[in-house]
Amino acid sequence: MPWLLSSQVDLVSSSPSERQCERTAFSFYCAVRERLPVWLLEDMRSMEVFCWEDGRPRAFLPSEALLYALVHDHQDYASYLLNRYSVSALRAPRCSFCCRRSSGTPHLNVAVRYDRVSILGAMVETLKDCDAQSERRELLDGCGGCSHVADAGKTAVQLAVELSRADCLLLLLAHGARPDGLDAALQTLVSCDSTQRRHAQRCFDLLLLFLPEPPRPRRLREEPQRWQSLLGNEVFDWLCGSAPPPLLLQALRCLARSGPDRISTLPDFLQLHSWQ
């Protein structure tokens, strides 16, 4: 096995030990990190790489391999796994720590965390293959990961807003994700520095495009002067429910419903950050 590290000279037996499973799993991680060819990675995953679970070895799942591909931005391998295994490559593997399967999928959150826009686009397209709308909704809007892992309790949309990942956010919203991150968007707007402000503003604007109706956040009523100055009078009044949405927002909401991918191609003077 030429892909094993020099310190990993033990041959994997037909019934590998826990230690051997750890070695082969690490070898696979390194192989994905080095972006080895897809055919070689799949040979490794299906024949040579093992996890240790419930006191016995098992093969790596496609969903686990996809997480490695996400972390290391191996786009060819991610595309192969999604094309070959479809939605099953996005189903959350059982957590080795708590031995439970979480609701949703960790893959969308990982893609947002590492800003893997291309792979995220392929994943949300794959969700169209779900047999049931309820499963698609759970994968798209679920809080990926168990309670003890990073980003637990957050949807991919909420995480995209917190990290100001505007391109990721647009992909999620355009494919039907619930726009439930307005409070986080407002908090990010007031706490971010000048270098992040443009991205944070765009995330806020994108949420407004896909909100079915203004949610009337309490924080706006508690500090009206501060938020009027930050958001502008028209947006502030609409979010508080005291005025209709600005005309530009109404026009862009229609455009978003007909073809949300067109939003990012608009000239700068029509981008939402120019309302104020």
# chains A, B, ... in the order shown; residues from 1 in each chain; ligands from 1

call {"tool": "residues_around", "arguments": {"residues": "range 72-75 of chain A", "least_positions_apart": "2", "cutoff": "7 Å", "atoms": "only C-alpha atoms", "output": "PDB file with C-alpha atoms, in the first residue's frame"}}
result
ATOM      1  CA  VAL A  32      -7.469  13.245   0.670  1.00  0.00           C
ATOM      2  CA  ARG A  33      -5.435  16.185   1.990  1.00  0.00           C
ATOM      3  CA  ARG A  35      -5.703  15.384  -3.263  1.00  0.00           C
ATOM      4  CA  TYR A  68     -12.672  14.830   4.396  1.00  0.00           C
ATOM      5  CA  ALA A  69     -13.157  16.139   0.857  1.00  0.00           C
ATOM      6  CA  LEU A  70     -14.870  19.240   2.248  1.00  0.00           C
ATOM      7  CA  TYR A  77     -13.658  13.641  -5.008  1.00  0.00           C
ATOM      8  CA  ALA A  78     -16.652  15.484  -3.570  1.00  0.00           C
ATOM      9  CA  SER A  79     -18.318  15.546  -7.002  1.00  0.00           C
ATOM     10  CA  ARG A 116     -16.401  25.659   0.152  1.00  0.00           C
ATOM     11  CA  ILE A 119     -18.925  21.880  -3.121  1.00  0.00           C
TER      12      ILE A 119
END

call {"tool": "residues_around", "arguments": {"residues": "Leu172 in chain A", "least_positions_apart": "5", "cutoff": "10 Å", "atoms": "only C-alpha atoms", "output": "MDAnalysis selection string"}}
result
chainID A and resid 108 112 120:121 123:124 140:141 156:157 160 166:167 177:179

call {"tool": "select_by_dssp", "arguments": {"residues": "range 2-248 of chain A", "states": "strand (DSSP E or B)", "output": "PyMOL selection string"}}
result
chain A and resi 50-53+56-59

call {"tool": "write_last_selection", "arguments": {"atoms": "N, CA, C and O atoms", "output": "mmCIF file, in the first residue's frame"}}
result
data_model
loop_
_atom_site.group_PDB
_atom_site.id
_atom_site.type_symbol
_atom_site.label_atom_id
_atom_site.label_comp_id
_atom_site.auth_asym_id
_atom_site.auth_seq_id
_atom_site.Cartn_x
_atom_site.Cartn_y
_atom_site.Cartn_z
ATOM 1 N N PHE A 50 -10.380 1.491 7.364
ATOM 2 C CA PHE A 50 -11.378 1.015 8.314
ATOM 3 C C PHE A 50 -11.554 2.008 9.459
ATOM 4 O O PHE A 50 -10.635 2.719 9.851
ATOM 5 N N CYS A 51 -12.783 2.048 9.995
ATOM 6 C CA CYS A 51 -13.083 2.723 11.254
ATOM 7 C C CYS A 51 -13.320 1.648 12.312
ATOM 8 O O CYS A 51 -13.649 0.505 11.999
ATOM 9 N N TRP A 52 -13.157 2.045 13.565
ATOM 10 C CA TRP A 52 -13.433 1.131 14.667
ATOM 11 C C TRP A 52 -14.735 1.565 15.332
ATOM 12 O O TRP A 52 -14.869 2.679 15.797
ATOM 13 N N GLU A 53 -15.732 0.687 15.331
ATOM 14 C CA GLU A 53 -17.041 1.039 15.867
ATOM 15 C C GLU A 53 -17.668 -0.169 16.541
ATOM 16 O O GLU A 53 -17.717 -1.261 15.962
ATOM 17 N N ARG A 56 -15.564 -3.417 16.650
ATOM 18 C CA ARG A 56 -15.188 -4.135 15.430
ATOM 19 C C ARG A 56 -14.920 -3.128 14.304
ATOM 20 O O ARG A 56 -15.415 -2.002 14.335
ATOM 21 N N PRO A 57 -14.153 -3.556 13.308
ATOM 22 C CA PRO A 57 -13.846 -2.643 12.199
ATOM 23 C C PRO A 57 -15.002 -2.556 11.209
ATOM 24 O O PRO A 57 -15.799 -3.491 11.085
ATOM 25 N N ARG A 58 -15.074 -1.443 10.540
ATOM 26 C CA ARG A 58 -16.024 -1.288 9.433
ATOM 27 C C ARG A 58 -15.418 -0.362 8.397
ATOM 28 O O ARG A 58 -14.495 0.415 8.685
ATOM 29 N N ALA A 59 -15.924 -0.433 7.193
ATOM 30 C CA ALA A 59 -15.412 0.403 6.108
ATOM 31 C C ALA A 59 -15.856 1.857 6.290
ATOM 32 O O ALA A 59 -16.880 2.136 6.916
#

call {"tool": "select_by_dssp", "arguments": {"residues": "range 155-273 of chain A", "states": "helix (DSSP H, G or I)", "output": "number ranges by chain"}}
result
A: 156-162, 166-174, 182-191, 194-210, 218-222, 224-231, 233-239, 247-258, 260-265, 268-270, 272-273

call {"tool": "atom_distance", "arguments": {"atom1": "CA of Pro245 in chain A", "atom2": "CA of Pro212 in chain A"}}
result
11.6 Å

call {"tool": "residues_around", "arguments": {"residues": "Ala89 in chain A", "least_positions_apart": "4", "cutoff": "9 Å", "atoms": "only C-alpha atoms", "output": "list in words"}}
result
Leu61, Pro62, Ser63, Glu64, Ala65, Leu66, Leu81, Leu82, Arg84 and Tyr85 of chain A

call {"tool": "residues_around", "arguments": {"residues": "Leu127 in chain A", "least_positions_apart": "6", "cutoff": "8 Å", "atoms": "only C-alpha atoms", "output": "list in words"}}
result
Val87, Arg136, Leu139 and Leu140 of chain A

call {"tool": "decode", "arguments": {"residues": "range 34-70 of chain A", "atoms": "N, CA and C atoms", "output": "PDB file, in the first residue's frame"}}
result
ATOM      1  N   GLU A  34      -3.786  15.401   0.378  1.00  0.00           N
ATOM      2  CA  GLU A  34      -2.847  15.556  -0.736  1.00  0.00           C
ATOM      3  C   GLU A  34      -3.550  15.535  -2.087  1.00  0.00           C
ATOM      4  N   ARG A  35      -4.861  15.370  -2.054  1.00  0.00           N
ATOM      5  CA  ARG A  35      -5.703  15.384  -3.263  1.00  0.00           C
ATOM      6  C   ARG A  35      -5.246  14.339  -4.278  1.00  0.00           C
ATOM      7  N   LEU A  36      -5.086  13.138  -3.801  1.00  0.00           N
ATOM      8  CA  LEU A  36      -4.752  12.041  -4.695  1.00  0.00           C
ATOM      9  C   LEU A  36      -5.926  11.767  -5.627  1.00  0.00           C
ATOM     10  N   PRO A  37      -5.697  11.052  -6.734  1.00  0.00           N
ATOM     11  CA  PRO A  37      -6.776  10.804  -7.706  1.00  0.00           C
ATOM     12  C   PRO A  37      -7.984  10.114  -7.082  1.00  0.00           C
ATOM     13  N   VAL A  38      -9.150  10.397  -7.640  1.00  0.00           N
ATOM     14  CA  VAL A  38     -10.395   9.865  -7.098  1.00  0.00           C
ATOM     15  C   VAL A  38     -10.394   8.346  -7.086  1.00  0.00           C
ATOM     16  N   TRP A  39      -9.922   7.722  -8.165  1.00  0.00           N
ATOM     17  CA  TRP A  39      -9.969   6.261  -8.228  1.00  0.00           C
ATOM     18  C   TRP A  39      -9.143   5.626  -7.114  1.00  0.00           C
ATOM     19  N   LEU A  40      -8.015   6.256  -6.781  1.00  0.00           N
ATOM     20  CA  LEU A  40      -7.173   5.713  -5.722  1.00  0.00           C
ATOM     21  C   LEU A  40      -7.832   5.887  -4.359  1.00  0.00           C
ATOM     22  N   LEU A  41      -8.435   7.041  -4.138  1.00  0.00           N
ATOM     23  CA  LEU A  41      -9.118   7.274  -2.875  1.00  0.00           C
ATOM     24  C   LEU A  41     -10.279   6.304  -2.682  1.00  0.00           C
ATOM     25  N   GLU A  42     -11.018   6.029  -3.744  1.00  0.00           N
ATOM     26  CA  GLU A  42     -12.132   5.091  -3.621  1.00  0.00           C
ATOM     27  C   GLU A  42     -11.647   3.659  -3.423  1.00  0.00           C
ATOM     28  N   ASP A  43     -10.538   3.311  -4.037  1.00  0.00           N
ATOM     29  CA  ASP A  43      -9.951   1.987  -3.765  1.00  0.00           C
ATOM     30  C   ASP A  43      -9.561   1.874  -2.297  1.00  0.00           C
ATOM     31  N   MET A  44      -8.963   2.905  -1.775  1.00  0.00           N
ATOM     32  CA  MET A  44      -8.587   2.908  -0.359  1.00  0.00           C
ATOM     33  C   MET A  44      -9.828   2.793   0.523  1.00  0.00           C
ATOM     34  N   ARG A  45     -10.819   3.633   0.246  1.00  0.00           N
ATOM     35  CA  ARG A  45     -12.006   3.670   1.106  1.00  0.00           C
ATOM     36  C   ARG A  45     -12.761   2.352   1.099  1.00  0.00           C
ATOM     37  N   SER A  46     -12.870   1.725  -0.053  1.00  0.00           N
ATOM     38  CA  SER A  46     -13.688   0.511  -0.163  1.00  0.00           C
ATOM     39  C   SER A  46     -12.946  -0.762   0.219  1.00  0.00           C
ATOM     40  N   MET A  47     -11.595  -0.738   0.212  1.00  0.00           N
ATOM     41  CA  MET A  47     -10.870  -1.985   0.448  1.00  0.00           C
ATOM     42  C   MET A  47      -9.852  -1.931   1.573  1.00  0.00           C
ATOM     43  N   GLU A  48      -9.281  -0.780   1.856  1.00  0.00           N
ATOM     44  CA  GLU A  48      -8.130  -0.744   2.752  1.00  0.00           C
ATOM     45  C   GLU A  48      -8.312   0.098   4.014  1.00  0.00           C
ATOM     46  N   VAL A  49      -9.339   0.932   4.051  1.00  0.00           N
ATOM     47  CA  VAL A  49      -9.483   1.884   5.153  1.00  0.00           C
ATOM     48  C   VAL A  49     -10.628   1.451   6.055  1.00  0.00           C
ATOM     49  N   PHE A  50     -10.380   1.491   7.364  1.00  0.00           N
ATOM     50  CA  PHE A  50     -11.378   1.015   8.314  1.00  0.00           C
ATOM     51  C   PHE A  50     -11.554   2.008   9.459  1.00  0.00           C
ATOM     52  N   CYS A  51     -12.783   2.048   9.995  1.00  0.00           N
ATOM     53  CA  CYS A  51     -13.083   2.723  11.254  1.00  0.00           C
ATOM     54  C   CYS A  51     -13.320   1.648  12.312  1.00  0.00           C
ATOM     55  N   TRP A  52     -13.157   2.045  13.565  1.00  0.00           N
ATOM     56  CA  TRP A  52     -13.433   1.131  14.667  1.00  0.00           C
ATOM     57  C   TRP A  52     -14.735   1.565  15.332  1.00  0.00           C
ATOM     58  N   GLU A  53     -15.732   0.687  15.331  1.00  0.00           N
ATOM     59  CA  GLU A  53     -17.041   1.039  15.867  1.00  0.00           C
ATOM     60  C   GLU A  53     -17.668  -0.169  16.541  1.00  0.00           C
ATOM     61  N   ASP A  54     -18.120   0.034  17.768  1.00  0.00           N
ATOM     62  CA  ASP A  54     -18.781  -1.037  18.543  1.00  0.00           C
ATOM     63  C   ASP A  54     -17.907  -2.275  18.664  1.00  0.00           C
ATOM     64  N   GLY A  55     -16.601  -2.064  18.835  1.00  0.00           N
ATOM     65  CA  GLY A  55     -15.698  -3.180  19.064  1.00  0.00           C
ATOM     66  C   GLY A  55     -15.310  -3.970  17.844  1.00  0.00           C
ATOM     67  N   ARG A  56     -15.564  -3.417  16.650  1.00  0.00           N
ATOM     68  CA  ARG A  56     -15.188  -4.135  15.430  1.00  0.00           C
ATOM     69  C   ARG A  56     -14.920  -3.128  14.304  1.00  0.00           C
ATOM     70  N   PRO A  57     -14.153  -3.556  13.308  1.00  0.00           N
ATOM     71  CA  PRO A  57     -13.846  -2.643  12.199  1.00  0.00           C
ATOM     72  C   PRO A  57     -15.002  -2.556  11.209  1.00  0.00           C
ATOM     73  N   ARG A  58     -15.074  -1.443  10.540  1.00  0.00           N
ATOM     74  CA  ARG A  58     -16.024  -1.288   9.433  1.00  0.00           C
ATOM     75  C   ARG A  58     -15.418  -0.362   8.397  1.00  0.00           C
ATOM     76  N   ALA A  59     -15.924  -0.433   7.193  1.00  0.00           N
ATOM     77  CA  ALA A  59     -15.412   0.403   6.108  1.00  0.00           C
ATOM     78  C   ALA A  59     -15.856   1.857   6.290  1.00  0.00           C
ATOM     79  N   PHE A  60     -15.085   2.784   5.748  1.00  0.00           N
ATOM     80  CA  PHE A  60     -15.453   4.195   5.742  1.00  0.00           C
ATOM     81  C   PHE A  60     -16.697   4.400   4.888  1.00  0.00           C
ATOM     82  N   LEU A  61     -17.634   5.200   5.383  1.00  0.00           N
ATOM     83  CA  LEU A  61     -18.844   5.511   4.635  1.00  0.00           C
ATOM     84  C   LEU A  61     -18.578   6.644   3.641  1.00  0.00           C
ATOM     85  N   PRO A  62     -19.338   6.694   2.547  1.00  0.00           N
ATOM     86  CA  PRO A  62     -19.195   7.833   1.623  1.00  0.00           C
ATOM     87  C   PRO A  62     -19.409   9.178   2.311  1.00  0.00           C
ATOM     88  N   SER A  63     -20.327   9.240   3.284  1.00  0.00           N
ATOM     89  CA  SER A  63     -20.572  10.511   3.976  1.00  0.00           C
ATOM     90  C   SER A  63     -19.360  10.948   4.792  1.00  0.00           C
ATOM     91  N   GLU A  64     -18.619   9.995   5.338  1.00  0.00           N
ATOM     92  CA  GLU A  64     -17.405  10.330   6.077  1.00  0.00           C
ATOM     93  C   GLU A  64     -16.303  10.786   5.128  1.00  0.00           C
ATOM     94  N   ALA A  65     -16.213  10.140   3.982  1.00  0.00           N
ATOM     95  CA  ALA A  65     -15.232  10.552   2.983  1.00  0.00           C
ATOM     96  C   ALA A  65     -15.545  11.958   2.465  1.00  0.00           C
ATOM     97  N   LEU A  66     -16.831  12.276   2.342  1.00  0.00           N
ATOM     98  CA  LEU A  66     -17.216  13.605   1.862  1.00  0.00           C
ATOM     99  C   LEU A  66     -16.793  14.687   2.849  1.00  0.00           C
ATOM    100  N   LEU A  67     -16.843  14.397   4.127  1.00  0.00           N
ATOM    101  CA  LEU A  67     -16.370  15.368   5.124  1.00  0.00           C
ATOM    102  C   LEU A  67     -14.886  15.659   4.939  1.00  0.00           C
ATOM    103  N   TYR A  68     -14.097  14.625   4.667  1.00  0.00           N
ATOM    104  CA  TYR A  68     -12.672  14.830   4.396  1.00  0.00           C
ATOM    105  C   TYR A  68     -12.486  15.681   3.136  1.00  0.00           C
ATOM    106  N   ALA A  69     -13.263  15.383   2.101  1.00  0.00           N
ATOM    107  CA  ALA A  69     -13.157  16.139   0.857  1.00  0.00           C
ATOM    108  C   ALA A  69     -13.520  17.610   1.073  1.00  0.00           C
ATOM    109  N   LEU A  70     -14.487  17.869   1.935  1.00  0.00           N
ATOM    110  CA  LEU A  70     -14.870  19.240   2.248  1.00  0.00           C
ATOM    111  C   LEU A  70     -13.754  19.991   2.962  1.00  0.00           C
TER     112      LEU A  70
END
